[in-house]
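Content type TSV, C-alpha atoms and all ligand atoms, from the file my_file-v3.tsv:
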```tsv
chain	number	residue	atom	x	y	z
A	1	MET	CA	-19.82	-10.95	-0.93
A	2	ASN	CA	-17.28	-13.52	0.09
A	3	ILE	CA	-13.79	-13.24	-1.18
A	4	ASP	CA	-12.00	-16.56	-1.40
A	5	HIS	CA	-8.81	-15.59	-3.17
A	6	HIS	CA	-6.64	-12.90	-1.64
A	7	ILE	CA	-3.41	-11.12	-2.41
A	8	PRO	CA	-0.33	-12.94	-1.11
A	9	ASP	CA	1.12	-11.41	2.03
A	10	GLU	CA	4.45	-10.50	0.50
A	11	ILE	CA	2.75	-8.45	-2.20
A	12	LEU	CA	0.66	-6.63	0.39
A	13	LEU	CA	3.93	-5.88	2.17
A	14	ALA	CA	5.49	-4.53	-1.02
A	15	TYR	CA	2.47	-2.24	-1.35
A	16	ALA	CA	2.63	-1.07	2.25
A	17	SER	CA	6.37	-0.47	2.17
A	18	GLY	CA	6.16	1.42	-1.09
A	19	SER	CA	8.48	-0.95	-2.97
A	20	ALA	CA	5.83	-2.27	-5.37
A	21	PRO	CA	5.72	-0.79	-8.88
A	22	GLU	CA	2.75	1.46	-9.56
A	23	ALA	CA	0.78	-1.09	-11.59
A	24	TRP	CA	1.00	-3.59	-8.72
A	25	SER	CA	-0.04	-0.98	-6.24
A	26	LEU	CA	-3.02	-0.18	-8.45
A	27	ILE	CA	-4.34	-3.74	-8.38
A	28	VAL	CA	-3.63	-4.08	-4.65
A	29	ALA	CA	-5.44	-0.85	-3.80
A	30	THR	CA	-8.40	-1.81	-5.99
A	31	HIS	CA	-8.64	-5.20	-4.29
A	32	LEU	CA	-8.46	-3.43	-0.92
A	33	ALA	CA	-11.60	-1.50	-1.80
A	34	LEU	CA	-13.43	-4.81	-2.07
A	35	CYS	CA	-11.69	-6.75	0.69
A	36	PRO	CA	-11.74	-5.66	4.36
A	37	GLN	CA	-9.47	-8.57	5.27
A	38	CYS	CA	-6.54	-7.49	3.10
A	39	ARG	CA	-7.22	-3.90	4.13
A	40	GLU	CA	-6.62	-4.96	7.71
A	41	ARG	CA	-3.40	-6.71	6.74
A	42	VAL	CA	-2.07	-3.69	4.91
A	43	SER	CA	-2.74	-1.61	8.03
A	44	GLU	CA	-0.69	-4.14	9.98
A	45	HIS	CA	2.16	-3.83	7.52
A	46	GLU	CA	1.97	-0.05	7.62
A	47	ARG	CA	2.16	-0.25	11.38
A	48	MET	CA	5.41	-2.13	10.89
A	49	GLY	CA	6.59	0.74	8.74
A	50	GLY	CA	5.66	3.19	11.48
A	51	SER	CA	7.38	1.07	14.04
A	52	LEU	CA	10.55	0.81	11.94
A	53	LEU	CA	10.49	4.55	11.33
A	54	GLU	CA	10.22	5.08	15.07
A	55	SER	CA	13.28	2.91	15.71
A	56	LEU	CA	15.54	4.66	13.18
A	57	PRO	CA	18.46	6.65	14.59
A	58	PRO	CA	17.47	10.32	14.19
A	59	GLU	CA	19.64	12.40	11.91
A	60	ALA	CA	19.66	16.09	12.85
A	61	LEU	CA	18.42	18.58	10.32
A	62	THR	CA	20.24	21.83	9.70
A	63	GLU	CA	20.15	24.42	12.47
A	64	ASP	CA	17.49	26.67	10.98
A	65	ALA	CA	15.33	23.89	9.53
A	66	PHE	CA	12.35	24.55	11.77
A	67	ASP	CA	12.32	28.29	11.11
A	68	LEU	CA	12.57	27.70	7.38
A	69	LEU	CA	9.73	25.24	7.62
A	70	MET	CA	7.46	27.65	9.48
A	71	LYS	CA	8.23	30.33	6.91
A	72	LYS	CA	7.23	27.92	4.20
A	73	ILE	CA	4.04	27.01	6.03
A	74	ASP	CA	3.12	30.64	6.69
A	75	GLY	CA	3.79	31.47	3.06
A	76	GLN	CA	1.41	28.80	1.79
A	77	PRO	CA	-1.71	29.97	0.02
A	78	GLU	CA	-4.68	29.78	2.35
A	79	GLN	CA	-5.52	26.12	2.88
A	80	GLU	CA	-8.77	25.22	1.31
A	81	VAL	CA	-10.98	23.97	4.03
A	82	THR	CA	-12.16	20.74	2.52
A	83	VAL	CA	-15.65	20.16	3.75
A	84	LYS	CA	-16.36	16.57	2.90
A	85	GLU	CA	-19.34	16.52	0.62
A	86	PRO	CA	-21.92	14.03	1.76
A	87	VAL	CA	-21.34	10.96	-0.33
A	88	VAL	CA	-23.88	10.63	-3.09
A	89	TRP	CA	-24.54	7.00	-3.75
A	90	VAL	CA	-23.65	6.45	-7.36
A	91	PRO	CA	-23.43	2.74	-7.88
A	92	SER	CA	-20.30	1.98	-9.83
A	93	VAL	CA	-18.74	-1.28	-10.86
A	94	LEU	CA	-15.16	-0.09	-10.84
A	95	PRO	CA	-13.94	0.98	-7.40
A	96	GLU	CA	-11.31	3.63	-6.77
A	97	PRO	CA	-8.45	4.00	-7.46
A	98	LEU	CA	-9.06	1.99	-10.66
A	99	ARG	CA	-11.96	4.22	-11.74
A	100	SER	CA	-9.75	7.29	-11.84
A	101	TYR	CA	-7.02	5.44	-13.71
A	102	VAL	CA	-9.36	4.47	-16.55
A	103	GLY	CA	-11.28	7.74	-16.51
A	104	GLY	CA	-14.68	6.58	-15.29
A	105	ASP	CA	-16.96	3.64	-14.71
A	106	LEU	CA	-17.79	0.92	-17.26
A	107	HIS	CA	-19.94	3.12	-19.50
A	108	ALA	CA	-17.02	5.49	-20.07
A	109	LEU	CA	-14.63	2.82	-21.32
A	110	LYS	CA	-13.35	2.56	-24.85
A	111	TRP	CA	-12.43	-1.05	-25.46
A	112	ARG	CA	-9.95	-2.25	-28.03
A	113	ARG	CA	-9.99	-5.58	-29.76
A	114	LEU	CA	-7.46	-8.18	-28.62
A	115	GLY	CA	-8.68	-11.12	-30.73
A	116	LYS	CA	-11.12	-14.03	-30.31
A	117	GLY	CA	-13.77	-11.71	-28.91
A	118	VAL	CA	-11.55	-10.56	-26.08
A	119	LEU	CA	-11.36	-6.80	-25.53
A	120	HIS	CA	-8.82	-4.85	-23.55
A	121	ILE	CA	-7.75	-1.43	-22.35
A	122	PRO	CA	-4.11	-0.85	-21.47
A	123	ILE	CA	-3.82	1.31	-18.38
A	124	GLU	CA	-1.16	3.92	-18.22
A	125	THR	CA	1.17	3.90	-15.25
A	126	LYS	CA	4.55	5.52	-14.95
A	127	ASP	CA	6.48	2.43	-14.04
A	128	GLY	CA	8.42	0.55	-16.64
A	129	GLN	CA	8.43	-2.75	-14.78
A	130	ALA	CA	4.83	-3.82	-14.76
A	131	GLN	CA	1.84	-3.41	-16.99
A	132	ALA	CA	-1.79	-3.12	-16.15
A	133	ARG	CA	-4.80	-3.66	-18.38
A	134	LEU	CA	-8.49	-4.24	-18.21
A	135	LEU	CA	-9.64	-7.39	-19.99
A	136	LYS	CA	-13.16	-8.21	-21.09
A	137	VAL	CA	-13.76	-11.84	-21.93
A	138	PRO	CA	-17.14	-12.89	-23.36
A	139	ALA	CA	-19.17	-15.19	-21.08
A	140	GLY	CA	-18.18	-18.82	-21.52
A	141	LYS	CA	-15.12	-18.02	-23.62
A	142	PRO	CA	-11.50	-18.79	-22.75
A	143	VAL	CA	-9.03	-16.10	-21.90
A	144	PRO	CA	-6.17	-16.46	-24.43
A	145	THR	CA	-3.80	-19.18	-23.20
A	146	HIS	CA	-0.61	-17.86	-21.83
A	147	GLY	CA	2.34	-18.78	-19.70
A	148	HIS	CA	4.35	-16.13	-17.97
A	149	ASN	CA	7.82	-14.79	-17.85
A	150	GLY	CA	7.00	-13.22	-14.55
A	151	ASP	CA	4.19	-12.85	-12.06
A	152	GLU	CA	0.63	-12.02	-12.94
A	153	LEU	CA	-2.23	-10.90	-10.78
A	154	THR	CA	-5.81	-10.82	-12.01
A	155	LEU	CA	-8.68	-9.16	-10.16
A	156	VAL	CA	-12.24	-10.05	-11.18
A	157	LEU	CA	-14.63	-7.11	-11.43
A	158	THR	CA	-17.67	-8.58	-13.20
A	159	GLY	CA	-18.65	-12.14	-14.08
A	160	SER	CA	-16.27	-14.90	-13.13
A	161	PHE	CA	-13.67	-17.27	-14.48
A	162	LYS	CA	-12.43	-20.71	-13.64
A	163	THR	CA	-8.96	-22.20	-13.56
A	164	HIS	CA	-7.65	-25.44	-12.09
A	165	GLN	CA	-7.37	-23.47	-8.84
A	166	GLY	CA	-11.09	-22.89	-8.62
A	167	GLU	CA	-13.64	-20.23	-9.41
A	168	PHE	CA	-12.89	-16.53	-9.22
A	169	ARG	CA	-15.64	-13.97	-8.71
A	170	ARG	CA	-15.84	-10.21	-8.10
A	171	GLY	CA	-13.10	-9.16	-5.74
A	172	ASP	CA	-11.12	-12.39	-6.07
A	173	ILE	CA	-7.47	-12.28	-7.05
A	174	GLU	CA	-5.83	-14.93	-9.14
A	175	THR	CA	-2.08	-15.21	-8.70
A	176	ALA	CA	0.10	-16.88	-11.30
A	177	ASP	CA	3.85	-17.02	-11.17
A	178	GLY	CA	6.43	-17.76	-13.82
A	179	ASP	CA	5.90	-21.52	-13.88
A	180	VAL	CA	2.15	-21.65	-14.25
A	181	GLU	CA	0.47	-22.16	-17.57
A	182	HIS	CA	-3.20	-21.60	-17.21
A	183	THR	CA	-6.31	-21.38	-19.31
A	184	PRO	CA	-8.91	-19.36	-17.46
A	185	LEU	CA	-12.43	-19.88	-18.76
A	186	ALA	CA	-14.99	-17.13	-18.27
A	187	GLY	CA	-18.20	-18.20	-16.51
A	188	GLU	CA	-21.55	-18.36	-18.29
A	189	GLY	CA	-24.14	-15.63	-18.09
A	190	GLU	CA	-22.03	-12.51	-17.76
A	191	ASP	CA	-18.97	-11.14	-19.51
A	192	CYS	CA	-15.92	-11.28	-17.32
A	193	ILE	CA	-14.15	-7.97	-16.81
A	194	CYS	CA	-10.92	-8.13	-14.89
A	195	LEU	CA	-7.88	-6.08	-14.11
A	196	ALA	CA	-4.67	-7.91	-14.98
A	197	VAL	CA	-1.18	-6.87	-14.03
A	198	THR	CA	1.96	-8.54	-15.31
A	199	ASP	CA	5.56	-7.81	-14.56
A	200	ALA	CA	6.74	-9.13	-17.90
A	201	PRO	CA	5.09	-9.40	-21.30
A	202	LEU	CA	2.70	-12.34	-21.57
A	203	ARG	CA	3.78	-15.18	-23.77
A	204	PHE	CA	0.72	-16.00	-25.78
A	205	LYS	CA	0.81	-19.51	-27.13
A	206	SER	CA	-1.24	-19.30	-30.26
A	207	LEU	CA	0.62	-18.00	-33.27
A	208	GLY	CA	-2.09	-15.50	-34.12
A	209	ALA	CA	-1.93	-13.90	-30.74
A	210	LYS	CA	1.85	-13.90	-30.87
A	211	LEU	CA	1.97	-12.07	-34.17
A	212	VAL	CA	-0.19	-9.23	-33.07
A	213	GLN	CA	1.72	-8.65	-29.85
A	214	PRO	CA	4.11	-6.03	-31.20
A	215	PHE	CA	1.27	-4.02	-32.69
A	216	ILE	CA	-1.02	-3.77	-29.77
A	217	GLY	CA	1.66	-3.01	-27.27
A	218	ILE	CA	1.18	-5.92	-24.90
B	1	MET	CA	20.98	17.06	21.41
B	2	ALA	CA	17.66	18.55	20.41
B	3	ASN	CA	16.67	15.04	19.43
B	4	ASP	CA	17.20	13.72	22.92
B	5	VAL	CA	14.81	16.30	24.22
B	6	ALA	CA	12.14	15.20	21.80
B	7	ASP	CA	12.54	11.60	22.84
B	8	VAL	CA	11.23	12.22	26.34
B	9	PHE	CA	7.77	12.40	24.80
B	10	SER	CA	5.70	9.26	24.86
B	11	ALA	CA	3.57	7.89	22.05
B	12	ASP	CA	0.52	9.34	23.79
B	13	ASP	CA	2.17	12.77	23.89
B	14	LEU	CA	2.69	12.58	20.15
B	15	VAL	CA	-0.99	11.78	19.67
B	16	HIS	CA	-1.97	14.82	21.71
B	17	CYS	CA	0.43	17.02	19.80
B	18	LEU	CA	-0.92	15.88	16.48
B	19	LEU	CA	-4.49	16.46	17.64
B	20	ALA	CA	-3.52	19.94	18.91
B	21	VAL	CA	-2.02	20.85	15.55
B	22	GLY	CA	-5.13	19.56	13.81
B	23	ALA	CA	-7.56	21.37	16.11
B	24	ARG	CA	-5.88	24.78	16.50
B	25	GLN	CA	-2.61	24.83	14.56
B	26	ASP	CA	-0.69	24.68	17.83
B	27	ARG	CA	2.90	25.66	17.01
B	28	LEU	CA	4.45	24.41	20.18
B	29	ALA	CA	2.93	20.99	19.64
B	30	PHE	CA	4.13	21.08	16.07
B	31	ARG	CA	7.67	21.79	17.26
B	32	VAL	CA	7.53	18.61	19.32
B	33	LEU	CA	6.37	16.63	16.31
B	34	PHE	CA	9.06	18.20	14.18
B	35	ASP	CA	11.83	17.38	16.62
B	36	HIS	CA	10.64	13.84	16.89
B	37	PHE	CA	9.75	12.93	13.32
B	38	ALA	CA	11.75	15.11	10.94
B	39	PRO	CA	15.14	13.58	11.91
B	40	ARG	CA	13.73	10.07	11.58
B	41	VAL	CA	12.16	10.77	8.23
B	42	LYS	CA	15.52	12.17	7.16
B	43	THR	CA	17.23	8.92	8.13
B	44	TYR	CA	14.50	6.95	6.34
B	45	ILE	CA	15.13	8.85	3.12
B	46	VAL	CA	18.93	8.63	3.43
B	47	GLN	CA	18.67	4.86	3.90
B	48	LEU	CA	16.69	4.72	0.68
B	49	GLY	CA	19.78	6.05	-1.07
B	50	CYS	CA	19.26	9.80	-1.24
B	51	SER	CA	21.68	12.60	-0.60
B	52	HIS	CA	21.46	14.36	2.74
B	53	GLN	CA	20.16	17.45	1.07
B	54	GLN	CA	17.37	15.61	-0.73
B	55	ALA	CA	16.56	13.81	2.48
B	56	GLU	CA	16.36	17.09	4.34
B	57	GLU	CA	14.03	18.52	1.71
B	58	LEU	CA	11.75	15.51	1.81
B	59	ALA	CA	11.72	15.56	5.60
B	60	GLN	CA	10.62	19.19	5.39
B	61	GLU	CA	7.94	18.41	2.83
B	62	THR	CA	6.69	15.60	5.01
B	63	MET	CA	6.33	18.01	7.91
B	64	VAL	CA	4.43	20.50	5.73
B	65	LYS	CA	1.98	17.70	4.95
B	66	VAL	CA	1.78	16.81	8.63
B	67	TRP	CA	0.82	20.41	9.37
B	68	ASN	CA	-1.71	20.61	6.54
B	69	LYS	CA	-3.33	17.25	7.12
B	70	ALA	CA	-3.23	17.09	10.91
B	71	SER	CA	-6.97	17.73	11.15
B	72	GLN	CA	-7.56	14.48	9.26
B	73	PHE	CA	-5.56	12.43	11.75
B	74	ASP	CA	-7.73	9.89	13.52
B	75	SER	CA	-6.07	8.55	16.63
B	76	GLU	CA	-8.36	5.54	16.65
B	77	LYS	CA	-7.21	4.40	13.26
B	78	ALA	CA	-3.46	4.86	13.38
B	79	ALA	CA	-0.54	5.73	15.60
B	80	PRO	CA	1.26	8.99	14.72
B	81	SER	CA	4.35	7.03	13.60
B	82	THR	CA	2.26	5.00	11.14
B	83	TRP	CA	0.47	8.09	9.91
B	84	VAL	CA	3.76	9.96	9.32
B	85	PHE	CA	5.30	6.88	7.71
B	86	ARG	CA	2.49	6.82	5.12
B	87	ILE	CA	3.00	10.47	4.28
B	88	ALA	CA	6.78	10.07	3.93
B	89	ARG	CA	6.39	6.89	1.87
B	90	ASN	CA	4.00	8.50	-0.61
B	91	LEU	CA	6.13	11.62	-0.92
B	92	ARG	CA	9.30	9.72	-1.66
B	93	ILE	CA	7.62	7.50	-4.26
B	94	ASP	CA	6.36	10.65	-5.89
B	95	ALA	CA	9.77	12.33	-5.68
B	96	PHE	CA	12.07	9.48	-6.74
B	97	ARG	CA	10.02	7.53	-9.18
B	98	ARG	CA	7.66	10.25	-10.29
B	99	GLU	CA	4.95	7.71	-9.69
B	100	SER	CA	2.03	7.89	-7.42
B	101	HIS	CA	1.06	5.39	-4.78
B	102	PRO	CA	-2.49	4.43	-5.71
B	103	GLU	CA	-4.65	4.46	-2.60
B	104	LEU	CA	-8.16	3.36	-1.98
B	105	ASP	CA	-10.71	6.08	-1.36
B	106	GLN	CA	-12.39	5.62	2.01
B	107	ASN	CA	-15.38	7.63	0.78
B	108	ASP	CA	-15.88	5.67	-2.43
B	109	PRO	CA	-19.45	4.31	-2.49
B	110	SER	CA	-18.14	1.10	-4.05
B	111	LEU	CA	-15.89	0.46	-1.09
B	112	LEU	CA	-17.02	-2.64	0.74
B	113	PRO	CA	-17.12	-1.61	4.39
B	114	ALA	CA	-15.64	-3.80	7.11
B	115	GLU	CA	-17.99	-5.22	9.67
B	116	GLU	CA	-18.50	-3.04	12.72
B	117	ARG	CA	-15.96	-3.80	15.35
B	118	PRO	CA	-16.58	-3.77	19.08
B	119	ALA	CA	-15.48	-0.58	20.86
B	120	ASP	CA	-12.68	-2.16	22.86
B	121	ILE	CA	-10.80	-3.02	19.70
B	122	THR	CA	-9.10	0.40	19.70
B	123	VAL	CA	-7.49	-0.39	23.02
B	124	GLU	CA	-6.11	-3.52	21.45
B	125	GLN	CA	-4.86	-1.47	18.53
B	126	LYS	CA	-2.74	0.54	20.93
B	127	GLN	CA	-1.40	-2.51	22.69
B	128	SER	CA	-0.59	-4.05	19.39
B	129	GLU	CA	1.89	-1.24	18.64
B	130	GLN	CA	4.06	-2.47	21.46
B	131	GLN	CA	3.35	-6.11	20.73
B	132	LEU	CA	4.32	-5.60	17.13
B	133	ARG	CA	7.59	-3.97	18.15
B	134	LYS	CA	8.34	-6.86	20.46
B	135	ALA	CA	7.39	-9.49	17.91
B	136	MET	CA	9.60	-7.85	15.29
B	137	ASP	CA	12.53	-7.85	17.67
B	138	GLU	CA	12.12	-11.58	18.08
B	139	LEU	CA	12.24	-12.38	14.37
B	140	PRO	CA	15.28	-14.31	13.13
B	141	GLN	CA	17.91	-12.08	11.57
B	142	GLU	CA	17.37	-13.36	8.02
B	143	GLN	CA	13.66	-12.54	8.15
B	144	MET	CA	14.19	-9.13	9.71
B	145	GLU	CA	16.69	-8.37	6.95
B	146	LEU	CA	14.01	-8.94	4.33
B	147	LEU	CA	11.64	-6.56	6.09
B	148	HIS	CA	14.39	-3.97	6.20
B	149	LEU	CA	15.15	-4.38	2.50
B	150	SER	CA	11.46	-3.98	1.65
B	151	PHE	CA	11.00	-0.87	3.72
B	152	PHE	CA	14.36	0.86	3.38
B	153	GLN	CA	15.88	-0.19	0.08
B	154	ASP	CA	12.85	0.20	-2.14
B	155	MET	CA	13.55	-3.24	-3.53
B	156	ALA	CA	11.04	-5.38	-5.36
B	157	HIS	CA	11.27	-9.08	-4.56
B	158	GLY	CA	13.28	-9.82	-7.67
B	159	ALA	CA	15.89	-7.22	-6.72
B	160	ILE	CA	16.09	-8.56	-3.18
B	161	ALA	CA	16.62	-12.08	-4.50
B	162	GLU	CA	19.42	-10.86	-6.73
B	163	LYS	CA	21.10	-8.90	-3.97
B	164	LEU	CA	21.03	-11.80	-1.53
B	165	GLY	CA	21.79	-14.46	-4.13
B	166	LEU	CA	18.61	-16.33	-3.25
B	167	PRO	CA	15.98	-17.85	-5.52
B	168	LEU	CA	12.93	-15.58	-5.89
B	169	GLY	CA	10.72	-18.29	-4.39
B	170	THR	CA	12.85	-18.36	-1.24
B	171	VAL	CA	12.56	-14.61	-0.78
B	172	LYS	CA	8.78	-14.80	-1.11
B	173	SER	CA	8.35	-17.75	1.20
B	174	ARG	CA	10.68	-16.24	3.78
B	175	LEU	CA	8.72	-13.00	3.75
B	176	ARG	CA	5.46	-14.91	4.06
B	177	LEU	CA	6.89	-16.83	6.98
B	178	ALA	CA	7.99	-13.66	8.75
B	179	LEU	CA	4.63	-11.96	8.25
B	180	GLY	CA	2.73	-15.05	9.34
B	181	LYS	CA	4.82	-15.29	12.45
B	182	LEU	CA	4.24	-11.65	13.35
B	183	ARG	CA	0.52	-12.00	12.88
B	184	LYS	CA	0.34	-15.16	14.96
B	185	LYS	CA	2.38	-13.61	17.73
B	186	ILE	CA	0.11	-10.57	17.91
B	187	ASP	CA	-3.06	-12.66	17.75
B	188	ASP	CA	-1.81	-14.92	20.53
B	189	ASP	CA	-0.88	-11.97	22.71
B	190	GLN	CA	-4.27	-10.38	22.13
B	191	MET	CA	-6.07	-13.56	23.00
B	192	TYR	CA	-4.00	-13.77	26.12
B	193	THR	CA	-4.72	-10.19	27.19
B	194	SER	CA	-8.43	-10.42	26.45
B	195	GLY	CA	-8.50	-13.75	28.30
B	196	LEU	CA	-7.03	-12.04	31.33
B	197	SER	CA	-9.48	-9.18	31.33
B	198	GLU	CA	-12.53	-11.44	31.44
C	1	ZN	ZN	-8.21	-9.85	0.14
```
How would this structure read if it were set down as structure tokens?
Amino acid sequence: MNIDHHIPDEILLAYASGSAPEAWSLIVATHLALCPQCRERVSEHERMGGSLLESLPPEALTEDAFDLLMKKIDGQPEQEVTVKEPVVWVPSVLPEPLRSYVGGDLHALKWRRLGKGVLHIPIETKDGQAQARLLKVPAGKPVPTHGHNGDELTLVLTGSFKTHQGEFRRGDIETADGDVEHTPLAGEGEDCICLAVTDAPLRFKSLGAKLVQPFIGI
Amino acid sequence: MANDVADVFSADDLVHCLLAVGARQDRLAFRVLFDHFAPRVKTYIVQLGCSHQQAEELAQETMVKVWNKASQFDSEKAAPSTWVFRIARNLRIDAFRRESHPELDQNDPSLLPAEERPADITVEQKQSEQQLRKAMDELPQEQMELLHLSFFQDMAHGAIAEKLGLPLGTVKSRLRLALGKLRKKIDDDQMYTSGLSE
């Protein structure tokens, strides 16, 4: 599998530094599962974090901090020795951490209608800044046209879609910022399931889509 | 003063300490790790805007995790500083924002594995710690500032732009530039060192 469209460096950095909202981190981590190249970059960025930590001026803890700590450690309930179970190969379409966020692989999903044959599942995260959802667009159909108030990242999980920027397949990330208006079109043959994260509500262009926005919690 | 004592230990010493804690819960080794990392983690948390008391608590929690997870430390995959940074980062996200930091699962069957790397790559990994440090020191002030804001102010790009009075696009492109430069610098150095060794 060749991934042609990656996550921009500055977003990988936000993930590595811990400054990205949870929904962004979710899409980054899910892309990482499918993309060794970005995985490598995130390790680089985390090394920067380690290096910066190393260079910080140390600030002494209270006198008895170590003794308190050892008391705490000795008082812990016996650590469960986690023997790693041999991995059973269960083929799944959704990689971790996404799979845990939606409660299982594709067969476990309960889709809701979004209009024009498009289905979706809002994904709960605790951050108020960004929103994540799974979208399922029928093969050959357009994803509802929208511009953005903010940034949007879309990760393809099954099928494909096309924009003026090219074709996006499993593992690919489409990045759209505030200025882009795009009309992704799902590829033929297979429904396109993708994870989409926005940092502001989408502005759907068609009146129908606009009217239902308040009710479906986009 | 206790901190000065800890600082006589090299990066390799810290690796050995961490391995000793992982293998046999070595308390003396753990003391070394504590003296080295806990005060730095405390500074890290204070810089993120926490009270000294909160910072102290989180530094302690970080060290509990270090103790409990030491057996999972893999010296070929990360330096101790990077490993501790990840633990502290995830704990503070959990503590401040009550969010989690979604992580990929290395044992997930759907994970696409990287291609096998030649054995000497781990040596390079070690060199790259120092190279990275050096390359970061050479970054222009304005780019280094952005890295600092990302790591120590918990600021999303929009917030950074607002704070610095810059357009969002400028913040992003400046960050990209800094990261690109760092990567190029490290790649060049590695090519140079591997060229020498042949
Ligand atoms: Zn990638």
message: Please find the residues contacting ligand ZN 1 (chain C) at a distance of at most 6 Å between atoms, with only C-alpha atoms and all ligand atoms counted, and report them as a ChimeraX atom specification.
response: /A:6-7,35,37-38
message: Should the cut-off be 6 Å, what would the residue list for chain B against chain A look like, counting all atoms listed in the file, as a PyMOL selection string?
response: chain B and resi 39-40+43+81-82+85+99+102-105+109-112+114+151+154-156+175-176
Just give me the residues with any atom within 8 Å of (-13.8, -11.7, -26.2), file coordinates, counting only C-alpha atoms, written as an mmCIF file with C-alpha atoms, keeping the file's coordinate frame.
```cif
data_model
loop_
_atom_site.group_PDB
_atom_site.id
_atom_site.type_symbol
_atom_site.label_atom_id
_atom_site.label_comp_id
_atom_site.auth_asym_id
_atom_site.auth_seq_id
_atom_site.Cartn_x
_atom_site.Cartn_y
_atom_site.Cartn_z
ATOM 1 C CA LEU A 114 -7.460 -8.180 -28.620
ATOM 2 C CA GLY A 115 -8.680 -11.120 -30.730
ATOM 3 C CA LYS A 116 -11.120 -14.030 -30.310
ATOM 4 C CA GLY A 117 -13.770 -11.710 -28.910
ATOM 5 C CA VAL A 118 -11.550 -10.560 -26.080
ATOM 6 C CA LEU A 119 -11.360 -6.800 -25.530
ATOM 7 C CA LYS A 136 -13.160 -8.210 -21.090
ATOM 8 C CA VAL A 137 -13.760 -11.840 -21.930
ATOM 9 C CA PRO A 138 -17.140 -12.890 -23.360
ATOM 10 C CA LYS A 141 -15.120 -18.020 -23.620
ATOM 11 C CA VAL A 143 -9.030 -16.100 -21.900
#
```
task: One decimal, Å: what's the distance from atom CA of Ala178 of chain B over to atom CA of His182 of chain A, could you say?
output: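 Going from atom CA of Ala178 of chain B over to atom CA of His182 of chain A covers 29.4 Å.
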query: So, counting all atoms listed in the file, which residue among A:Glu124, A:Arg133, A:Asp4, A:Asp64 is closest to Gly166 of chain A?
result: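 Of the candidates, the smallest distance to Gly166 of chain A is held by A:Asp4.
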message: Need to verify the contact set: Val156 of chain A, 9 Å, all atoms listed in the file, exclusion of same-chain residues closer than 3 positions in sequence. Can you return it as a PyMOL selection string?
response: chain A and resi 159-161+168-174+192-196
message: From the options B:Asn90, B:Ser173, B:Gln143, B:Gln106, which residue's atoms come nearest to Glu61 of chain B, counting all atoms listed in the file?
response: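 Ranked by minimum distance to Glu61 of chain B, first place goes to B:Asn90.
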- prompt: If you measure from atom CA of Lys69 of chain B to atom CA of Phe9 of chain B, what distance in Å do you get, rounded to one decimal?
  reply: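 Separating atom CA of Lys69 of chain B from atom CA of Phe9 of chain B is a distance of 21.4 Å.
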task: Find the distance between atom CA of Leu58 of chain B and atom CA of Leu14 of chain B and write it in Å to one decimal.
output: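 Distance reported for this atom pair: 20.7 Å.
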query: From the list A:Arg99, A:Lys71, A:Ile121, A:Gln131, which residue is nearest Gln60 of chain B when using only C-alpha atoms?
result: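 Of the candidates, the smallest distance to Gln60 of chain B is held by A:Lys71.
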Contacts of segment 71-77 of chain B within 8 Å, all atoms listed in the file, excl. fewer than 6 positions in-chain, as a list in words: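 After dropping sequence-adjacent residues, the list is Val15, Leu18, Leu19, Val21, Gly22, Ala23, Trp83 and Thr122 of chain B.
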